[in-house]
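Heads up, work08.pdb below (PDB, C-alpha atoms):
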```pdb
ATOM      1  CA  MET A   2      -1.663 -13.998 -31.571  1.00  0.00           C
ATOM      2  CA  LYS A   3       0.885 -12.181 -29.405  1.00  0.00           C
ATOM      3  CA  PRO A   4       3.337 -14.306 -27.440  1.00  0.00           C
ATOM      4  CA  SER A   5       2.796 -14.076 -23.696  1.00  0.00           C
ATOM      5  CA  PRO A   6       5.446 -12.098 -21.867  1.00  0.00           C
ATOM      6  CA  SER A   7       8.106 -14.256 -20.282  1.00  0.00           C
ATOM      7  CA  PRO A   8       7.665 -14.581 -16.533  1.00  0.00           C
ATOM      8  CA  SER A   9       9.909 -12.469 -14.354  1.00  0.00           C
ATOM      9  CA  PRO A  10      13.176 -14.171 -13.385  1.00  0.00           C
ATOM     10  CA  ILE A  11      12.786 -12.719  -9.871  1.00  0.00           C
ATOM     11  CA  GLU A  12      10.292 -12.280  -7.064  1.00  0.00           C
ATOM     12  CA  VAL A  13      10.324 -10.338  -3.806  1.00  0.00           C
ATOM     13  CA  LEU A  14       9.902 -12.442  -0.675  1.00  0.00           C
ATOM     14  CA  SER A  15      10.742 -12.259   3.008  1.00  0.00           C
ATOM     15  CA  SER A  16      14.511 -12.627   3.473  1.00  0.00           C
ATOM     16  CA  GLY A  17      16.499 -14.416   6.139  1.00  0.00           C
ATOM     17  CA  VAL A  18      19.213 -11.803   5.613  1.00  0.00           C
ATOM     18  CA  HIS A  19      17.169  -8.628   6.144  1.00  0.00           C
ATOM     19  CA  GLY A  20      13.550  -7.636   5.593  1.00  0.00           C
ATOM     20  CA  LYS A  21      12.570  -8.292   2.018  1.00  0.00           C
ATOM     21  CA  GLY A  22      14.836  -9.893  -0.547  1.00  0.00           C
ATOM     22  CA  VAL A  23      14.867 -10.751  -4.249  1.00  0.00           C
ATOM     23  CA  PHE A  24      14.843 -14.425  -5.225  1.00  0.00           C
ATOM     24  CA  ALA A  25      15.389 -16.233  -8.509  1.00  0.00           C
ATOM     25  CA  THR A  26      12.277 -17.841 -10.007  1.00  0.00           C
ATOM     26  CA  ARG A  27      14.433 -19.833 -12.431  1.00  0.00           C
ATOM     27  CA  HIS A  28      18.051 -20.805 -13.000  1.00  0.00           C
ATOM     28  CA  MET A  29      20.172 -17.922 -14.312  1.00  0.00           C
ATOM     29  CA  ALA A  30      23.489 -18.214 -16.107  1.00  0.00           C
ATOM     30  CA  ALA A  31      26.601 -16.279 -15.128  1.00  0.00           C
ATOM     31  CA  GLY A  32      26.662 -12.881 -16.827  1.00  0.00           C
ATOM     32  CA  GLU A  33      22.881 -12.618 -17.154  1.00  0.00           C
ATOM     33  CA  ARG A  34      21.393  -9.134 -16.850  1.00  0.00           C
ATOM     34  CA  VAL A  35      18.615  -9.537 -14.264  1.00  0.00           C
ATOM     35  CA  ILE A  36      17.073  -6.110 -13.683  1.00  0.00           C
ATOM     36  CA  GLU A  37      17.861  -2.411 -13.952  1.00  0.00           C
ATOM     37  CA  TYR A  38      18.158  -0.433 -10.715  1.00  0.00           C
ATOM     38  CA  VAL A  39      15.790   2.457 -11.350  1.00  0.00           C
ATOM     39  CA  GLY A  40      14.336   5.394  -9.470  1.00  0.00           C
ATOM     40  CA  GLU A  41      14.427   9.142  -9.345  1.00  0.00           C
ATOM     41  CA  ARG A  42      17.809  10.635 -10.283  1.00  0.00           C
ATOM     42  CA  ILE A  43      18.877  13.297  -7.838  1.00  0.00           C
ATOM     43  CA  SER A  44      22.004  15.151  -6.784  1.00  0.00           C
ATOM     44  CA  MET A  45      24.036  14.113  -3.762  1.00  0.00           C
ATOM     45  CA  ALA A  46      22.923  17.360  -2.084  1.00  0.00           C
ATOM     46  CA  GLU A  47      19.282  16.343  -2.567  1.00  0.00           C
ATOM     47  CA  ALA A  48      20.008  12.842  -1.236  1.00  0.00           C
ATOM     48  CA  ILE A  49      21.525  14.376   1.892  1.00  0.00           C
ATOM     49  CA  ARG A  50      18.515  16.705   2.240  1.00  0.00           C
ATOM     50  CA  ARG A  51      16.096  13.749   1.981  1.00  0.00           C
ATOM     51  CA  HIS A  52      18.018  11.665   4.499  1.00  0.00           C
ATOM     52  CA  PRO A  53      16.722   9.795   6.368  1.00  0.00           C
ATOM     53  CA  HIS A  54      13.897   8.114   4.480  1.00  0.00           C
ATOM     54  CA  ASP A  55      12.767   6.555   7.759  1.00  0.00           C
ATOM     55  CA  ALA A  56      13.648   8.263  11.044  1.00  0.00           C
ATOM     56  CA  ALA A  57      13.200   4.952  12.892  1.00  0.00           C
ATOM     57  CA  ASN A  58      15.830   3.330  10.642  1.00  0.00           C
ATOM     58  CA  PRO A  59      18.001   6.241   9.455  1.00  0.00           C
ATOM     59  CA  ASP A  60      20.784   4.196   7.879  1.00  0.00           C
ATOM     60  CA  HIS A  61      18.424   2.333   5.525  1.00  0.00           C
ATOM     61  CA  THR A  62      17.904   3.990   2.142  1.00  0.00           C
ATOM     62  CA  PHE A  63      17.287   2.971  -1.439  1.00  0.00           C
ATOM     63  CA  TYR A  64      20.120   5.152  -2.781  1.00  0.00           C
ATOM     64  CA  PHE A  65      22.553   4.025  -5.453  1.00  0.00           C
ATOM     65  CA  HIS A  66      25.508   6.352  -6.043  1.00  0.00           C
ATOM     66  CA  LEU A  67      26.541   6.747  -9.692  1.00  0.00           C
ATOM     67  CA  ASP A  68      30.026   7.400 -11.060  1.00  0.00           C
ATOM     68  CA  ASP A  69      28.983  10.904 -12.208  1.00  0.00           C
ATOM     69  CA  GLY A  70      28.022  11.899  -8.641  1.00  0.00           C
ATOM     70  CA  GLN A  71      24.268  11.578  -9.127  1.00  0.00           C
ATOM     71  CA  VAL A  72      22.184   9.285  -6.957  1.00  0.00           C
ATOM     72  CA  ILE A  73      19.312   6.995  -7.878  1.00  0.00           C
ATOM     73  CA  ASP A  74      16.638   7.143  -5.173  1.00  0.00           C
ATOM     74  CA  ALA A  75      14.598   3.969  -5.682  1.00  0.00           C
ATOM     75  CA  LEU A  76      12.109   5.026  -2.993  1.00  0.00           C
ATOM     76  CA  TYR A  77      10.610   7.139  -5.797  1.00  0.00           C
ATOM     77  CA  GLY A  78       9.938   5.274  -9.036  1.00  0.00           C
ATOM     78  CA  GLY A  79      11.966   2.242  -8.035  1.00  0.00           C
ATOM     79  CA  ASN A  80      11.280  -1.385  -8.882  1.00  0.00           C
ATOM     80  CA  ASP A  81      11.989  -4.746  -7.236  1.00  0.00           C
ATOM     81  CA  SER A  82      15.749  -4.161  -7.529  1.00  0.00           C
ATOM     82  CA  LYS A  83      15.601  -1.948  -4.427  1.00  0.00           C
ATOM     83  CA  TRP A  84      15.010  -5.090  -2.326  1.00  0.00           C
ATOM     84  CA  ILE A  85      18.269  -6.828  -3.337  1.00  0.00           C
ATOM     85  CA  ASN A  86      20.269  -7.345  -0.162  1.00  0.00           C
ATOM     86  CA  HIS A  87      23.994  -6.962   0.449  1.00  0.00           C
ATOM     87  CA  SER A  88      26.439  -9.865   0.657  1.00  0.00           C
ATOM     88  CA  CYS A  89      30.180  -9.973   1.240  1.00  0.00           C
ATOM     89  CA  ARG A  90      30.226 -12.935  -1.179  1.00  0.00           C
ATOM     90  CA  PRO A  91      27.693 -11.789  -3.779  1.00  0.00           C
ATOM     91  CA  ASN A  92      26.172 -13.731  -6.636  1.00  0.00           C
ATOM     92  CA  CYS A  93      25.482 -10.514  -8.582  1.00  0.00           C
ATOM     93  CA  VAL A  94      27.299  -7.285  -9.396  1.00  0.00           C
ATOM     94  CA  PRO A  95      26.029  -3.865 -10.396  1.00  0.00           C
ATOM     95  CA  ASP A  96      27.164  -2.834 -13.866  1.00  0.00           C
ATOM     96  CA  GLU A  97      26.988   0.849 -14.798  1.00  0.00           C
ATOM     97  CA  VAL A  98      26.442   1.376 -18.525  1.00  0.00           C
ATOM     98  CA  LYS A  99      26.010   4.950 -19.768  1.00  0.00           C
ATOM     99  CA  GLY A 100      24.667   6.103 -16.402  1.00  0.00           C
ATOM    100  CA  ARG A 101      22.287   3.172 -15.989  1.00  0.00           C
ATOM    101  CA  ILE A 102      22.761   0.450 -13.379  1.00  0.00           C
ATOM    102  CA  TYR A 103      22.062  -3.158 -14.261  1.00  0.00           C
ATOM    103  CA  ILE A 104      22.240  -6.024 -11.800  1.00  0.00           C
ATOM    104  CA  VAL A 105      24.130  -8.882 -13.467  1.00  0.00           C
ATOM    105  CA  THR A 106      24.798 -12.402 -12.203  1.00  0.00           C
ATOM    106  CA  ARG A 107      28.487 -13.030 -11.527  1.00  0.00           C
ATOM    107  CA  ARG A 108      28.050 -16.797 -11.335  1.00  0.00           C
ATOM    108  CA  PRO A 109      25.186 -19.232 -12.006  1.00  0.00           C
ATOM    109  CA  VAL A 110      22.219 -18.530  -9.721  1.00  0.00           C
ATOM    110  CA  PHE A 111      19.779 -21.294  -8.917  1.00  0.00           C
ATOM    111  CA  LYS A 112      16.002 -21.176  -8.675  1.00  0.00           C
ATOM    112  CA  GLY A 113      14.998 -20.103  -5.159  1.00  0.00           C
ATOM    113  CA  GLU A 114      18.382 -18.502  -4.376  1.00  0.00           C
ATOM    114  CA  GLU A 115      18.416 -14.977  -2.983  1.00  0.00           C
ATOM    115  CA  LEU A 116      20.156 -12.422  -5.208  1.00  0.00           C
ATOM    116  CA  ASN A 117      22.662 -10.074  -3.622  1.00  0.00           C
ATOM    117  CA  PHE A 118      25.545  -7.756  -4.386  1.00  0.00           C
ATOM    118  CA  ASP A 119      28.256  -6.035  -2.360  1.00  0.00           C
ATOM    119  CA  TYR A 120      26.896  -2.576  -1.563  1.00  0.00           C
ATOM    120  CA  GLY A 121      30.431  -1.223  -1.106  1.00  0.00           C
ATOM    121  CA  LEU A 122      29.137   1.579   1.105  1.00  0.00           C
ATOM    122  CA  PHE A 123      31.505   4.350   2.044  1.00  0.00           C
ATOM    123  CA  SER A 124      31.442   7.058   4.678  1.00  0.00           C
ATOM    124  CA  ASP A 125      33.281  10.298   5.244  1.00  0.00           C
ATOM    125  CA  GLU A 126      33.322   9.442   8.961  1.00  0.00           C
ATOM    126  CA  PRO A 127      36.306   7.538  10.396  1.00  0.00           C
ATOM    127  CA  LEU A 128      35.794   3.765  10.060  1.00  0.00           C
ATOM    128  CA  THR A 129      35.191   2.988  13.744  1.00  0.00           C
ATOM    129  CA  ASP A 130      33.630  -0.102  15.307  1.00  0.00           C
ATOM    130  CA  ALA A 131      30.553   1.991  16.108  1.00  0.00           C
ATOM    131  CA  LEU A 132      30.178   3.066  12.465  1.00  0.00           C
ATOM    132  CA  LYS A 133      30.675  -0.507  11.251  1.00  0.00           C
ATOM    133  CA  ALA A 134      27.961  -1.637  13.687  1.00  0.00           C
ATOM    134  CA  ARG A 135      25.509   0.892  12.230  1.00  0.00           C
ATOM    135  CA  TYR A 136      25.991  -0.838   8.864  1.00  0.00           C
ATOM    136  CA  VAL A 137      26.185  -4.398  10.202  1.00  0.00           C
ATOM    137  CA  CYS A 138      26.198  -7.160   7.608  1.00  0.00           C
ATOM    138  CA  ARG A 139      23.970 -10.181   8.101  1.00  0.00           C
ATOM    139  CA  CYS A 140      24.943 -12.059   4.926  1.00  0.00           C
ATOM    140  CA  GLY A 141      26.363 -15.099   6.717  1.00  0.00           C
ATOM    141  CA  ALA A 142      29.173 -15.601   4.187  1.00  0.00           C
ATOM    142  CA  PRO A 143      32.167 -17.578   5.557  1.00  0.00           C
ATOM    143  CA  LYS A 144      34.441 -14.541   5.129  1.00  0.00           C
ATOM    144  CA  CYS A 145      31.850 -11.867   5.992  1.00  0.00           C
ATOM    145  CA  ARG A 146      33.409  -8.447   6.726  1.00  0.00           C
ATOM    146  CA  GLY A 147      30.764  -7.860   9.401  1.00  0.00           C
ATOM    147  CA  THR A 148      29.788  -4.558   7.779  1.00  0.00           C
ATOM    148  CA  MET A 149      28.410  -3.319   4.470  1.00  0.00           C
ATOM    149  CA  LEU A 150      31.064  -0.575   4.503  1.00  0.00           C
ATOM    150  CA  THR A 151      34.220  -0.862   2.426  1.00  0.00           C
ATOM    151  CA  ASP A 152      37.615  -0.391   4.037  1.00  0.00           C
TER     152      ASP A 152
END
```

Rewritten as structure tokens:
Amino acid sequence: MKPSPSPSPIEVLSSGVHGKGVFATRHMAAGERVIEYVGERISMAEAIRRHPHDAANPDHTFYFHLDDGQVIDALYGGNDSKWINHSCRPNCVPDEVKGRIYIVTRRPVFKGEELNFDYGLFSDEPLTDALKARYVCRCGAPKCRGTMLTD
């Protein structure tokens, strides 16, 4: 008799931060690999060509920029990881291993807690108040930067 697969440690639910979010279905220890961020691998030029995914919300994408310059577009072939929201005080971190991105807990995460990581978005445009407002952060952390952009 085959053992039943272990239940997923996460589920996608409505988020108080933004839209959908990913929540822990059980306690997770610090350093636990939760899920791989997957999707179609494309060039930055292709990501720019595809932008925006949604004309009504042009600054929302499922892109993840890799160290080698490629981009993972989780709109195509992605999994639940694409719903993990940003936080200025995250409980998870992305870990790139041989071109693959894993979401790993950076501290213990409790059942029912929303998972998040710091998107660390960057822009070639000058970092103005208007640009920061386009990428407003709703994480609610005590020391929230107010934007998902890095300085």

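Within 7 Å of Phe65 of chain A, once all atoms listed in the file are used and residues closer than 5 positions along the same chain are dropped, the contacting residues are Val72, Ile73 and Asp74 of chain A.
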
Next item on the list: Write out as an MDAnalysis selection string which residues come within 12 Å of Cys89 of chain A when counting only C-alpha atoms, dropping same-chain ones fewer than 6 positions away.
Entry: chainID A and resid 18 117:122 137:151

Next item on the list: Could you tell me which residues the PyMOL selection byres ((chain A and resi 32-39) around 8) grabs in this file, written as a list of chain:residue names?
Entry: A:Pro10, A:Ile11, A:Met29, A:Ala30, A:Ala31, A:Gly40, A:Glu41, A:Ile73, A:Asp74, A:Ala75, A:Gly78, A:Gly79, A:Asn80, A:Ser82, A:Lys83, A:Arg101, A:Ile102, A:Tyr103, A:Ile104, A:Val105, A:Thr106, A:Arg107, A:Arg108

Notebook entry, point to check: Closest to Leu132 of chain A among A:Arg42, A:Asp60, A:His28, A:Val98, using all atoms listed in the file?
Noted result: A:Asp60

Check: Counting all atoms listed in the file, which of A:Ile43, A:Ala56, A:Cys93, A:Val13 gets nearest to Pro109 of chain A?
Finding: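 Using all atoms listed in the file, the shortest distance to Pro109 of chain A belongs to A:Cys93.
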
Notebook entry, point to check: Can you tell me how far atom CA of Asn92 of chain A sits from atom CA of Gly17 of chain A, in Å to one decimal?
Noted result: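 Between atom CA of Asn92 of chain A and atom CA of Gly17 of chain A the gap works out to 16.0 Å.
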
Next item on the list: Record the distance separating atom CA of Ser16 of chain A and atom CA of Leu128 of chain A, expressed in Å with one decimal.
Entry: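 Pair atom CA of Ser16 of chain A / atom CA of Leu128 of chain A returns 27.7 Å.
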
Notebook entry, point to check: How many Å lie between atom CA of Arg135 of chain A and atom CA of Arg51 of chain A, rounded to one decimal?
Noted result: 18.9 Å

Margin query: Taking all atoms listed in the file into account, name the residue in A:Arg27, A:His61, A:His87, A:His19 that is nearest to Val110 of chain A.
Written below: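 The closest residue to Val110 of chain A is A:Arg27.
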